[in-house]
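Comments concern the structure below.
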Amino acid sequence: MVSVPVSIPLFKTRTLISAGREHSNVSMNIHEAEDEPCEQCGLCCKIFGDSVTPTAENIFCWIEQKRLDILQYFSACKSDGTWVHCSELKPDELSDLIVVEMRDPVTQDYLPVCPFLVRAGRRKYSCRIHDTKPEMCSSYQPWVWGETYFNKCQALKKIDIRGRWRE
């Protein structure tokens, strides 16, 4: 198995099963639903979803899981300046990537919104790849003041957002 260079802290580990093999040493940042007061309004995904940037670990997992439905939406620039579709990458090429960007799989244009955001009701949205979504999405917390605070978040209106900075 190829090791993936990851510079982000990992919070939880789970076993991945792909192609009939178990990969217990593959880690992913898993964001538990009870940790967040998300209202699933989709607003953060609509506004920030076009700039989703997966980690090398995310790409590695998608390659192992053969998730071409996800990989097709990302293009990567290698250290030699060449661009490649992430669906064409091999695990041993991940350490050579400089940047990964979300792009239209056909035109290579930038996308206006996240392609994985799906409408689940009149005012509800969900993530089509929730179980394996990128680390930046799974760890996003719009209520963390000074880091990822997003004052348009619908959940902030329903929770007590007074924290240490207001006391």
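Residue numbering restarts at 1 in every chain; chains get A, B, ... in the order shown in the structure tokens, and ligands count up from 1 in that same order.
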Using only C-alpha atoms, which protein or nucleic acid residues come within 7 Å of stretch 102-104 of chain A? Drop anything in the same chain fewer than 6 positions from it, and give the result as a list in words.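 The neighbour list is Asp50, Ser51, Val52, Thr53, Tyr73, Phe74, Ser75, Tyr110 and Leu111 of chain A.
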Give me, please, the distance in Å between atom CA of A:Leu94 and atom CA of A:Pro112, quoted to one decimal.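 Atom CA of A:Pro112 lies 26.2 Å from atom CA of A:Leu94.
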For a quick check of understanding, using only C-alpha atoms, which of A:Ile70, A:Pro142, A:Glu57, A:Leu117 has the smallest distance to A:Pro91?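 Among the listed residues, the smallest separation from A:Pro91 belongs to A:Glu57.
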